[in-house]
Each structure stands twice: as structure tokens, then as C-alpha cells.
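Worksheet for the structure shown next.
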Amino acid sequence: MSTTDILDLSAAAAAAAIGGGSLSATELFEAYRDRAASDRAAGDAGLNCFTWVAADAPSEPVDAPLAGVPVAVKDLFCTEGVPSQAGSRILEGYLPPYTATAVSRLRAGGAPLLAKTNQDEFAMGSSNENSAFGPVRNPWDRERVPGGSSGGSAAAVAAGLAPWALGTDTGGSVRQPAALCGIVGLKPTYGAVSRYGMIAFASSLDQAGPLTRDVTDAALMLRHMVGRDPCDATSLAFPGEIELPTAERLDGIRLGVPQELTGEGIERGVLDAFAAAIEQAKELGAEVSDVHLPHAPHALSAYYVLAPAECSSNLARYDGVRYGMRATDAHDLLDMYMRTRHDGFGAEVKRRIMLGTYALSSGYYEAYYGRAQRVRTRISEDFRTAFEQIDFVVTPTAPSVAFRLGEKTADPLAMYLNDYCTVPMSLAGIPAISIPCGHSEGLPVGLQIAGPAFSENRLLDAARALERSIAFDARPARV
Ligand code: GLN
């Protein structure tokens, strides 16, 4: 098989080709390893997708369902003996003694580690400009961001530098970069995939999810990650198996369009592509109606209290004593803590720690954290009520197409608005997928479909039916 043919295969197709004997696992691994390694070597002239690339193909033959199709994994997944830095200076060079459950399950399923991907520091960001290892570029336009915080994973898949990749989504970090790079991104139900070994940002929201070229690949990767894990008390057994989607139509499927997430603040071109996707859904037999999520407009405010509150607690462990870097020129213990954090954390992480510490301080706790928790409950109730009348909520994934590098870095609030449509689902803990639904200004637009907890199989089916019928063939030029 020629290299071009190999790179054209989806992960599922590559696994089938290996199974059928027309491709070897080593050939596949080497094809991607070469491409990933050249991107890494190119530095700023490349896309800067990777923080580490495997040196050699695994030697043992792969006798497992995923047949040796390698996976690129976001830097924040602990991988034994491999740098796992969460995009942060404070963890630079950190080599964990163990591997995250999601990664070890994929490996057991037959998907070896290809590379670690660049990301926003501790997964805080929507543009991948907060990485200590430099920004990732969007393969559709190098002067634009790939989205974040799983930007390296999304850009690598879109550019054909990895067959598929693993990311994490706390408030949109799988779905939003998938939308901005023109690929598929799935955030599973909270608890469906173990968080063990994922370097924590906001533990009540963090969830691992696939970034793939198509919906079938997303289902295939999820199938090999889900399930209860004794190492994560919040993990849950998935009811049944993740099936590979087969649906071609949407007959009898009721889609709800929430006005709250489809109006003001969303670019015209994005709304047009969204409207065209809705028309397509109708042609496939879906019934489309309006639905109300009255508290959704408050989701962003609640999220930006809750996520920083949890991060301020999770990041307290980086004190220079136990992990990663330590300031060497300190004159006493307190000074060592302060210098380590001063030098080790970037500006956005410091901003979140300060916001979170403030929100949790006595006297303000009820006013901020308590109130945000109550908003979170209302948002979950909104979805529960909506799902009594409809099967799925549909929205644009992100309010705009990929924006220019540097365009929003000086304005954190403008940056936070990227998460407007994705954060409500995160707060409710429900699954949501982003699929490409067209272009605006020559750049990809994402359609988000969200369903009740553990509706992944139905959600993947609906996404697959739409994916088949929405024309989205223009791919970015291979780098
Ligand atoms: N952009 C959001 C934030 O900065 C979401 C990040 C994420 O999902 N990890 O918090």
C-alpha cells in the first residue's frame, strides 16, 4: 500500500486492512511516526502538535481488536516513563511511574502510543495559546488557532499526523477543537471513562474523549475506554457495549434547537451552516422543534466559578516538593513555593488559581461557589425536562470558526465566550459530539449533538446518519 493510501484510511479501516493482511501494523506505525516526528522536528515551521513522539514501533505483534493502529494522546494523560507535562513548565520532564487507565485500556485493545500532544496548560484554554511549549497551528490556516485545550490532538488528526487521538473535555476541550479543525470530537457521559491518571483540572467536569476523522472511529475508540475502574471512584459501568453506528436515517428522531444557544453572539456563517445541517436532518426524517434551556445562558458564569474553584484545589499539589520543577535559588521553604509557582505556572493558570481561591474563601463561598452549584443543578434540570420531549439537543459547537493567533489573548472574557455552547453539557455531565457540518470563510464549522446520560449509542447513530449526508469533503492540505 502506498503511503498516501495508508494515510487516507480511517482508524477502523486501517485496523481492517491489517486484519486482512494488506497492511502491516509496523508499516502503519512507521508512516505516522515519520510524519509526527517531522512535525516535532520542524518546530515553529510545523504545526507544533506534539510534545513527544515514540522512537520506535512496538516490537510485539498485535493480536487485539485495534490491530496496532497507534494513538496520539494529550500530554496530560500520565504515561509510564514518557514525559507527561499537561502543557506546563511546572511539570516539564515529569516521567510518571504509571499509565492512565484510558491509555492502558486502549493499549490493551491494540492501540499503541504514537505521541503525546500539545495542549493548553492544565487544559485551561480554548485556543492552545496557553501551552508552555508554544501554540499549535490550525492545519486549515497556519495563522489561526486549532481551538483548545486539546488543540494538538485535533490538529494532528486533521493534518493526517495521527490516525486518531485522545483528548479531554472539561468545558468543551474535545468538541471545540474538533469543530475548529473539521473533525469529530466526542465528550462521553461524565464517569463513562476513568479519570485515573489524567492530570486533573476540574475533577467534577474532566472527561476523556476521542478526536477522530469520523463517527465510527469515535465509537471504536470509546468502546475500548469505557467502564468502571476501581482506581476512579467516580467512574461508572457503561450499560451495555458501545456499538459501531450503522444508522442511515433519522426517522422518528426528535431534535430540539435551544434558542438560548443558537442566537446572539454566534457568527452569521456558523448559523448558516448550522441551519443547513438542520434542513439535512429533516430530510433524513428527523422532527425538529424549539426547546428551552432557560438557565443555559448562565452556564458560562457558573463554569468560570466552579472550574477555577476546583483547579485551585487540584493545583495546590504543585509546590516544588513532589512533582516536576523546583526553584533552586530560594532562601526558605515559603520562598521556594512562591518561586516555583511563579516560574512554573503560566498567566492563565495563575488567573484561575486566584479566581478559584477567592471564590472558595470564607465569606464568599456561599455567594460564589454555592450559587454556581445551584445554577449547575438548574442546568441539569433544564436538560432533563427537555429530554422528556426530544431525543437530542442540537447547537453549533463553537460561536465562530477558527480565529487568528493572538486575536483573543489579551481579552480573557472574549476567550471564555468560545465555550458558550459546550459548557452547559459539561455542567450537566451529559454526552455530546461535534461533527463537521460545513464551512464558513473556507474554515470548518461544527455541529453539536447532545443527549441524556449514557445515550452514547443513540447519539453516535444519529451523528453517523448526519455525517453520511452532510457534504464535507474538503480536507486541509496535508502538511
Ligand atoms: N475552554 C474551557 C476552559 O478554558 C474548557 C477547557 C476544557 O474543556 N479543558 O476552561
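As shown in the C-alpha cells, the chain order sets the letters A, B, ...; within each chain, residues go from 1, and ligands are also counted from 1 in the order they appear.
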request  = Kindly work out which residues sit at most 9 Å from ligand 1, using only C-alpha atoms and all ligand atoms, and give the list as an MDAnalysis selection string.
outcome  = chainID A and resid 120 122:127 147:150 168:176 201:202 205:207 303:304 307:308 348 415:419 422:423 426
Within 7 Å of range 69-71 of chain A using only C-alpha atoms, minus same-chain residues under 3 positions, as a ChimeraX atom specification = /A:11,14-15,25,29,66,111-114,162-165
query = CA of Gly356 in chain A to CA of Tyr369 in chain A: how many Å, to one decimal?
reply = 8.9 Å
Nearest to Leu315 in chain A by atom-to-atom distance, counting only C-alpha atoms, from A:His295, A:Arg228, A:Lys282, A:Lys350 =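 For Leu315 in chain A, the nearest of the given residues is A:Lys350.
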request  = Would you mind listing what lies within 9 Å of Leu186 in chain A as an MDAnalysis selection string, with only C-alpha atoms counted and same-chain residues fewer than 4 positions away left out?
outcome  = chainID A and resid 169 174:175 178 208:212 215 218:219 222 431:435
Would you mind writing down, as a PDB file with C-alpha atoms, in the first residue's frame, each residue of range 173-305 of chain A that DSSP on the backbone assigns to strand (DSSP E)?
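Result file selection-v8.pdb:
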ATOM      1  CA  VAL A 184     -15.217  14.547  15.059  1.00  0.00           C
ATOM      2  CA  GLY A 185     -14.932  15.022  18.842  1.00  0.00           C
ATOM      3  CA  LEU A 186     -16.940  13.206  21.494  1.00  0.00           C
ATOM      4  CA  LYS A 187     -17.298  14.062  25.165  1.00  0.00           C
ATOM      5  CA  GLN A 207     -13.715  13.611  30.901  1.00  0.00           C
ATOM      6  CA  ALA A 208     -11.558  11.845  28.303  1.00  0.00           C
ATOM      7  CA  GLY A 209     -12.854  11.669  24.748  1.00  0.00           C
ATOM      8  CA  PRO A 210     -11.890  10.647  21.201  1.00  0.00           C
ATOM      9  CA  LEU A 211     -10.857  13.040  18.405  1.00  0.00           C
ATOM     10  CA  THR A 212     -11.274  11.186  15.115  1.00  0.00           C
ATOM     11  CA  ARG A 254     -36.773  14.388  17.676  1.00  0.00           C
ATOM     12  CA  LEU A 255     -34.174  17.157  17.639  1.00  0.00           C
ATOM     13  CA  GLY A 256     -34.539  20.234  19.833  1.00  0.00           C
ATOM     14  CA  VAL A 257     -32.974  23.567  18.931  1.00  0.00           C
ATOM     15  CA  PRO A 258     -32.475  25.748  22.025  1.00  0.00           C
ATOM     16  CA  GLU A 287     -38.573  16.062  13.593  1.00  0.00           C
ATOM     17  CA  VAL A 288     -37.119  19.397  14.594  1.00  0.00           C
ATOM     18  CA  SER A 289     -38.647  21.678  17.211  1.00  0.00           C
ATOM     19  CA  ASP A 290     -37.660  24.533  19.509  1.00  0.00           C
ATOM     20  CA  VAL A 291     -36.682  23.630  23.019  1.00  0.00           C
TER      21      VAL A 291
END
query = Which is closer to Gly240 in chain A than all the others in A:Tyr32, A:Ala158, A:Arg464, A:Asn457, using only C-alpha atoms?
reply = A:Asn457
message = For Phe392 in chain A, find every residue with an atom within 8 Å (counting only C-alpha atoms), except residues of its own chain fewer than 2 positions away, and show them as a ChimeraX atom specification.
response = /A:254-256,387,390,394,449-452,459
task = Would you please give, as a ChimeraX atom specification, all residues of range 235-429 of chain A that DSSP assigns to alpha helix (DSSP H) based on the backbone?
result = /A:268-283,299-314,333-344,347-360,365,371-389,412-416,423-428
